[in-house]
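Quick notes on the structure that follows.
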Protein chains: 2
Amino acid sequence: MHSLDESLLSPLPPFSMLDRPQIRTILDQAISRRANAGETIFEEGSAANRFFLLLDGTIRVVKITPDGEQVTSLHIPAGQLFGIAQALGRDTYPASAVTASEALYLSWPNSLWNSFVTTYPGFASETYKAVGKRVNEMNTRIVEMSTQHVEQRIARALLRLINQSGRRTAEGIEISFPITRQDVSQMTGTTLHTVSRLLSSWEKDGLVLSKRKKIIVCDAHRLVLLSGE
Amino acid sequence: MHSLDESLLSPLPPFSMLDRPQIRTILDQAISRRANAGETIFEEGSAANRFFLLLDGTIRVVKITPDGEQVTSLHIPAGQLFGIAQALGRDTYPASAVTASEALYLSWPNSLWNSFVTTYPGFASETYKAVGKRVNEMNTRIVEMSTQHVEQRIARALLRLINQSGRRTAEGIEISFPITRQDVSQMTGTTLHTVSRLLSSWEKDGLVLSKRKKIIVCDAHRLVLLSGE
DNA sequence: GCCCAACTTTGCGCTATAGCAAACTTTGGG
DNA sequence: CCCAAAGTTTGCTATAGCGCAAAGTTGGGC
């Protein structure tokens, strides 16, 4: 495990107020790992004894129902903390974390959480801000699922994805990690069939462009209209 | 505004580790208010400059969609903190708080939040535990809405309500605040019509008993079965 | 005690979407 | 280069639950 550079962490909100020696200490306490796409980093319900920072890639936060269905509650882009059960006063992870693409991440034992919170200025507040954003996103999901049609929900899901982890290309904005119809259906509470039909018809209309495991939004503006403002 | 008794707060989790003089100080800084059923305590999006504790009654946490539809994301029973935007690093309330019944509550200016968190042992951790529980509840909602049918969702909603604020009566367990079909539909993402039909048929089967603005669960066990284990 | 507004019930038709099924396509590995 | 596995498309059918409409019921305020 070779030494990581301080510049990795210094631009990230939770650490932005710290000086290099502080970041050095934090890095030296971290374990760094790489994971292939589709690997599970931690499992729902298991003892939460570490917290994580995603350096590269995307993480899917997934819940599994008693009858085996998967529901994706959140996507975590690079640069964010995850698995922060401590911030929610929990000693067990509320959901599983699965890599959507190849990922690089750091982790620390929970025993360090308190010292991070108390000794590093800005860490606590930025963390709770992140929690707040996720709570907000979940809330939005609930509202959407209660009031909107599948078409609008899928449109919004795509918009959220390109917003959060879009990559500009010649044809439009591409979702920067592999994503299947199935994945989208798990994010929107539908079936892969419906997603497939919808994407096909959008592709005919030039709204999107999709290959296997890949979605490119060509006309974000019209998608916004479809999503119901 | 007469003085409140320390025994009001001492059994509540966020304050349970404090001694009477500490609670006295906290109480003396609080403003106490009463609200009728249906009153809005604070509005989604408005500046979050106070935080609250519900002493009596029930609060509905409500979001309103651009086209005026209401979605209830949470119910808060007596004894819990609410409007704790600070804990989520926000400076604006993420949803509106509406009283479901007559309510009694305390509130403090946000400027005191930090001192509460730092000077009162247990306050921070208990608060974040509460946040964690709510996050969990929201997650559950999302999973339910994604995978379950209306019947199951409504069954669960009722079970959750009697669990959280049920009152034992001769006929069964009664939801301890006035609740309409409309309210239930806003909690489950359906229409009042569907809720009405379902409640009627459940009443025929002896599962529930409902009057105007009142629901009593007679056979919780069979309701659990309906909810899909 | 009566009236009105707020709730509730119920019927009917419609449609968005799930469910099922089967064929097709892509891709990576042996 | 071919095969298997994973992902995608598409057609058909069934139906849950919504939207609309209209009539009933309840209870609080005057």
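Each chain of the structure tokens is named A, B, ... in the order shown, its residues numbered from 1; ligands are numbered from 1 in display order.
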
Contacts of chain B with chain C up to 9 Å, shortest pair per row, only C-alpha atoms (C1' of nucleotides), as a tab-separated table:
```
residue	atom	partner	partner_atom	distance
B:Thr180	CA	C:DC7	C1'	7.7
B:Arg181	CA	C:DT8	C1'	8.3
B:His193	CA	C:DT9	C1'	8.4
B:Ser196	CA	C:DT9	C1'	7.2
B:Arg197	CA	C:DT9	C1'	7.7
B:Ser200	CA	C:DT9	C1'	8.5
B:Arg212	CA	C:DC7	C1'	6.8
B:Lys213	CA	C:DC7	C1'	7.9
```

Write the residues of the preceding selection, restricted to C-alpha atoms, as a PDB file, in the first residue's frame.
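The resulting file, part_26.pdb, is shown below:
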```
ATOM      1  CA  THR B 180     -58.728  11.204   6.971  1.00  0.00           C
ATOM      2  CA  ARG B 181     -58.668   8.926   3.921  1.00  0.00           C
ATOM      3  CA  HIS B 193     -60.928   6.785  -3.288  1.00  0.00           C
ATOM      4  CA  SER B 196     -61.785   4.447   1.115  1.00  0.00           C
ATOM      5  CA  ARG B 197     -62.578   1.316  -0.864  1.00  0.00           C
ATOM      6  CA  SER B 200     -64.441  -0.389   3.629  1.00  0.00           C
ATOM      7  CA  ARG B 212     -64.955   9.888  10.302  1.00  0.00           C
ATOM      8  CA  LYS B 213     -61.328  10.969  10.832  1.00  0.00           C
TER       9      LYS B 213
END
```

Report as a compact mmCIF listing (two decimals) with N, CA and C atoms, in the first residue's frame all protein, DNA and RNA residues lying within 10 Å of Ser16 of chain B, evaluated on only C-alpha atoms (C1' of nucleotides), omitting residues in the same chain fewer than 5 positions from it.
```txt
# COMPACT_ATOMS: atom_id res chain seq x y z
N LEU B 9 -38.98 17.20 30.22
CA LEU B 9 -37.88 16.89 29.31
C LEU B 9 -37.03 15.72 29.77
N SER B 10 -36.92 15.53 31.06
CA SER B 10 -35.93 14.59 31.55
C SER B 10 -36.08 13.15 31.02
N PRO B 11 -37.30 12.68 30.73
CA PRO B 11 -37.35 11.31 30.22
C PRO B 11 -37.04 11.20 28.72
N ILE B 23 -31.45 21.04 32.60
CA ILE B 23 -32.75 21.05 31.95
C ILE B 23 -33.48 22.36 32.23
N PRO B 121 -24.16 16.46 27.12
CA PRO B 121 -23.78 15.11 26.73
C PRO B 121 -25.00 14.31 26.28
N GLY B 122 -24.85 13.59 25.19
CA GLY B 122 -25.94 12.74 24.72
C GLY B 122 -26.86 13.45 23.76
N PHE B 123 -26.89 14.77 23.81
CA PHE B 123 -27.82 15.48 22.94
C PHE B 123 -27.50 15.22 21.47
N GLU B 126 -28.02 11.43 20.45
CA GLU B 126 -29.43 11.05 20.38
C GLU B 126 -30.13 11.72 19.20
```

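Contact shell of Phe82 of chain A at 8 Å (only C-alpha atoms (C1' of nucleotides); same-chain neighbours under 2 positions omitted): Phe51, Phe52, Leu53, Leu54, Ile76, Gln80 and Ile84 of chain A.
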
Here is a test: counting only C-alpha atoms, which residue of A:Ser165, A:Asn136, A:Asn110, A:Gln29 is nearest to Gly45 of chain B?
A:Asn136

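The list of residues with at least one atom within 9 Å of Asp219 of chain A, based on only C-alpha atoms (C1' of nucleotides) and without residues fewer than 3 positions apart in the same chain, reads Gly172, Ile173, Gly206, Leu207, Val208, Arg222, Leu223 and Val224 of chain A.
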
Selected residues written out, N, CA and C atoms, as a PDB file, in the first residue's frame:
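Result went into out_1.pdb, see below:
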```
ATOM      1  N   GLY A 172     -23.668  14.307 -26.779  1.00  0.00           N
ATOM      2  CA  GLY A 172     -24.490  14.828 -25.692  1.00  0.00           C
ATOM      3  C   GLY A 172     -23.807  14.549 -24.366  1.00  0.00           C
ATOM      4  N   ILE A 173     -24.583  14.442 -23.317  1.00  0.00           N
ATOM      5  CA  ILE A 173     -24.011  14.163 -22.010  1.00  0.00           C
ATOM      6  C   ILE A 173     -24.211  12.691 -21.682  1.00  0.00           C
ATOM      7  N   GLY A 206     -34.802  11.301 -30.825  1.00  0.00           N
ATOM      8  CA  GLY A 206     -33.542  12.022 -30.733  1.00  0.00           C
ATOM      9  C   GLY A 206     -33.265  12.618 -29.358  1.00  0.00           C
ATOM     10  N   LEU A 207     -33.999  12.163 -28.359  1.00  0.00           N
ATOM     11  CA  LEU A 207     -33.783  12.698 -27.016  1.00  0.00           C
ATOM     12  C   LEU A 207     -32.553  12.097 -26.367  1.00  0.00           C
ATOM     13  N   VAL A 208     -32.406  10.796 -26.574  1.00  0.00           N
ATOM     14  CA  VAL A 208     -31.273  10.095 -25.977  1.00  0.00           C
ATOM     15  C   VAL A 208     -30.624   9.203 -27.026  1.00  0.00           C
ATOM     16  N   ARG A 222     -35.381  18.984 -23.592  1.00  0.00           N
ATOM     17  CA  ARG A 222     -36.672  18.352 -23.853  1.00  0.00           C
ATOM     18  C   ARG A 222     -36.998  17.299 -22.789  1.00  0.00           C
ATOM     19  N   LEU A 223     -35.934  16.719 -22.248  1.00  0.00           N
ATOM     20  CA  LEU A 223     -36.133  15.732 -21.187  1.00  0.00           C
ATOM     21  C   LEU A 223     -36.711  16.411 -19.943  1.00  0.00           C
ATOM     22  N   VAL A 224     -36.227  17.601 -19.681  1.00  0.00           N
ATOM     23  CA  VAL A 224     -36.753  18.370 -18.553  1.00  0.00           C
ATOM     24  C   VAL A 224     -38.249  18.613 -18.747  1.00  0.00           C
TER      25      VAL A 224
END
```

Compile a residue-level contact table for chain A against chain B at a cut-off of 9 Å, reporting for every qualifying residue the shortest atom pair and its distance in Å to one decimal, with only C-alpha atoms counted, rows ordered by chain and ascending number, as a tab-separated table.
```
residue	atom	partner	partner_atom	distance
A:Lys63	CA	B:Val143	CA	7.5
A:Ile64	CA	B:Val143	CA	8.4
A:Thr65	CA	B:Val143	CA	7.5
A:Pro66	CA	B:Glu229	CA	8.9
A:Glu69	CA	B:Thr147	CA	7.7
A:Gln70	CA	B:Val143	CA	8.6
A:Val71	CA	B:Val143	CA	6.2
A:Thr72	CA	B:Val143	CA	8.5
A:Ser73	CA	B:Asn139	CA	7.1
A:Ala85	CA	B:Gly132	CA	8.2
A:Gln86	CA	B:Tyr128	CA	8.4
A:Ala87	CA	B:Tyr128	CA	6.4
A:Leu88	CA	B:Gly132	CA	4.2
A:Gly89	CA	B:Lys129	CA	4.1
A:Arg90	CA	B:Lys129	CA	6.6
A:Pro94	CA	B:Asn136	CA	7.1
A:Ser125	CA	B:Gly89	CA	6.2
A:Glu126	CA	B:Gly89	CA	7.3
A:Thr127	CA	B:Gly89	CA	8.1
A:Tyr128	CA	B:Leu88	CA	5.0
A:Lys129	CA	B:Gly89	CA	4.1
A:Ala130	CA	B:Leu88	CA	7.7
A:Val131	CA	B:Leu88	CA	6.1
A:Gly132	CA	B:Leu88	CA	4.2
A:Lys133	CA	B:Leu88	CA	7.8
A:Val135	CA	B:Val135	CA	6.7
A:Asn136	CA	B:Pro94	CA	7.1
A:Met138	CA	B:Met138	CA	6.9
A:Asn139	CA	B:Ser73	CA	7.1
A:Arg141	CA	B:Ile142	CA	7.2
A:Ile142	CA	B:Ile142	CA	6.0
A:Val143	CA	B:Val71	CA	6.2
A:Glu144	CA	B:Thr65	CA	8.8
A:Met145	CA	B:Met145	CA	6.9
A:Ser146	CA	B:Gly189	CA	4.0
A:Thr147	CA	B:Gly189	CA	6.6
A:Gln186	CA	B:Ser146	CA	7.9
A:Met187	CA	B:Ser146	CA	8.5
A:Thr188	CA	B:Ser146	CA	7.2
A:Gly189	CA	B:Ser146	CA	4.1
A:Thr190	CA	B:Ser146	CA	7.1
A:Glu229	CA	B:Pro66	CA	8.8
```

Up to 12 Å from chain B, what residues of chain D turn up? Count only C-alpha atoms (C1' of nucleotides) and give them as a list in words.
DA16, DG17, DC18, DG19, DC20, DT25, DT26 and DG27 of chain D

Please give the complete set of residues from segment 64-222 of chain B that DSSP, run on the backbone, assigns to strand (DSSP E or B), formatted as a PyMOL selection string.
chain B and resi 64+70-77+81-82+92+96-99+103-109+166-168+173-175+208-211+214-217

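The protein and nucleic acid residues lying at most 6 Å from Lys214 of chain B are Pro178, Ile179 and Ser210 of chain B, with only C-alpha atoms (C1' of nucleotides) considered and sequence neighbours fewer than 4 positions away removed.
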
Write a file of the just-selected residues containing C-alpha atoms, as a CSV table (one decimal), in the first residue's frame.
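Saved the output as selection-v5.csv:
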```csv
chain,number,residue,atom,x,y,z
B,178,PRO,CA,-57.6,12.6,13.6
B,179,ILE,CA,-56.8,11.1,10.2
B,210,SER,CA,-63.3,3.4,11.0
```

A straight line from atom CA of Ile175 of chain B to atom CA of Glu102 of chain B spans 14.3 Å

Where does DSSP see alpha helix (DSSP H) in segment 38-137 of chain B, if you list the residues as a PyMOL selection string?
chain B and resi 113-119+123-137

Output the selection as a short mmCIF file (atom, residue, chain, number, x, y, z; two decimals), in the first residue's frame - C-alpha atoms for each residue.
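Result file follows (part_25.cif):
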```cif
data_model
loop_
_atom_site.label_atom_id
_atom_site.label_comp_id
_atom_site.auth_asym_id
_atom_site.auth_seq_id
_atom_site.Cartn_x
_atom_site.Cartn_y
_atom_site.Cartn_z
CA TRP B 113 -28.00 24.58 18.56
CA ASN B 114 -24.22 24.49 18.68
CA SER B 115 -24.07 25.00 22.39
CA PHE B 116 -26.65 22.24 22.91
CA VAL B 117 -24.61 19.91 20.77
CA THR B 118 -21.32 20.66 22.42
CA THR B 119 -22.26 21.22 26.04
CA PHE B 123 -27.82 15.48 22.94
CA ALA B 124 -25.84 15.19 19.72
CA SER B 125 -25.76 11.43 19.59
CA GLU B 126 -29.43 11.05 20.38
CA THR B 127 -30.29 13.64 17.78
CA TYR B 128 -28.34 11.86 15.10
CA LYS B 129 -29.91 8.61 16.13
CA ALA B 130 -33.28 10.21 15.55
CA VAL B 131 -32.15 11.45 12.15
CA GLY B 132 -30.95 7.95 11.38
CA LYS B 133 -34.33 6.50 12.25
CA ARG B 134 -36.06 8.94 9.99
CA VAL B 135 -33.67 8.24 7.15
CA ASN B 136 -34.44 4.62 7.67
CA GLU B 137 -38.14 5.24 7.55
#
```

Would you mind listing what lies within 12 Å of Ala170 of chain A as a ChimeraX atom specification, with only C-alpha atoms (C1' of nucleotides) counted and same-chain residues fewer than 2 positions away left out?
/A:167-168,172-174,209,216-218

Output for the residues just chosen: C-alpha atoms as a short mmCIF file (atom, residue, chain, number, x, y, z; two decimals), in the first residue's frame:
```
data_model
loop_
_atom_site.label_atom_id
_atom_site.label_comp_id
_atom_site.auth_asym_id
_atom_site.auth_seq_id
_atom_site.Cartn_x
_atom_site.Cartn_y
_atom_site.Cartn_z
CA ARG A 167 -19.54 13.47 -18.99
CA ARG A 168 -19.80 15.76 -22.00
CA GLY A 172 -24.49 14.83 -25.69
CA ILE A 173 -24.01 14.16 -22.01
CA GLU A 174 -23.14 10.61 -21.16
CA LEU A 209 -28.83 7.69 -27.49
CA ILE A 216 -26.30 9.47 -23.54
CA VAL A 217 -28.72 12.33 -23.11
CA CYS A 218 -28.74 14.39 -26.30
#
```

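Reported to one decimal place, the separation of atom CA of Asp91 of chain A from atom CA of Gly83 of chain B is 24.5 Å.
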
Contacts of Arg156 of chain B at 9 Å or less, counting only C-alpha atoms (C1' of nucleotides), minus same-chain residues fewer than 2 places along, as a PyMOL selection string?
chain B and resi 144+151-154+158-161+223-224+226-228

Same residues, N, CA and C atoms, output as a CSV table (one decimal), in the first residue's frame:
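Written out: result_22.csv:
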```
chain,number,residue,atom,x,y,z
B,144,GLU,N,-40.9,0.4,-0.3
B,144,GLU,CA,-42.3,0.0,-0.4
B,144,GLU,C,-42.9,0.5,-1.7
B,151,GLU,N,-52.4,-2.0,-1.7
B,151,GLU,CA,-53.0,-2.6,-0.5
B,151,GLU,C,-51.9,-2.8,0.6
B,152,GLN,N,-50.8,-3.3,0.1
B,152,GLN,CA,-49.7,-3.6,1.1
B,152,GLN,C,-49.2,-2.3,1.7
B,153,ARG,N,-49.1,-1.3,0.9
B,153,ARG,CA,-48.5,0.0,1.4
B,153,ARG,C,-49.4,0.6,2.4
B,154,ILE,N,-50.7,0.5,2.1
B,154,ILE,CA,-51.7,1.1,3.1
B,154,ILE,C,-51.7,0.3,4.4
B,158,LEU,N,-50.7,1.9,8.1
B,158,LEU,CA,-51.6,1.8,9.3
B,158,LEU,C,-50.8,1.2,10.4
B,159,LEU,N,-50.1,0.1,10.1
B,159,LEU,CA,-49.3,-0.5,11.1
B,159,LEU,C,-48.3,0.4,11.7
B,160,ARG,N,-47.6,1.2,10.8
B,160,ARG,CA,-46.6,2.1,11.3
B,160,ARG,C,-47.3,3.2,12.2
B,161,LEU,N,-48.4,3.6,11.8
B,161,LEU,CA,-49.1,4.6,12.6
B,161,LEU,C,-49.5,4.1,14.0
B,223,LEU,N,-53.5,-7.8,9.4
B,223,LEU,CA,-53.0,-6.7,8.6
B,223,LEU,C,-51.5,-6.9,8.3
B,224,VAL,N,-50.8,-7.4,9.2
B,224,VAL,CA,-49.4,-7.7,8.9
B,224,VAL,C,-49.3,-8.7,7.7
B,226,LEU,N,-51.4,-9.2,5.4
B,226,LEU,CA,-51.8,-8.5,4.1
B,226,LEU,C,-50.6,-7.6,3.6
B,227,SER,N,-49.9,-7.1,4.6
B,227,SER,CA,-48.8,-6.2,4.2
B,227,SER,C,-47.6,-6.9,3.6
B,228,GLY,N,-47.7,-8.2,3.5
B,228,GLY,CA,-46.7,-9.0,2.8
B,228,GLY,C,-45.6,-9.3,3.8
```
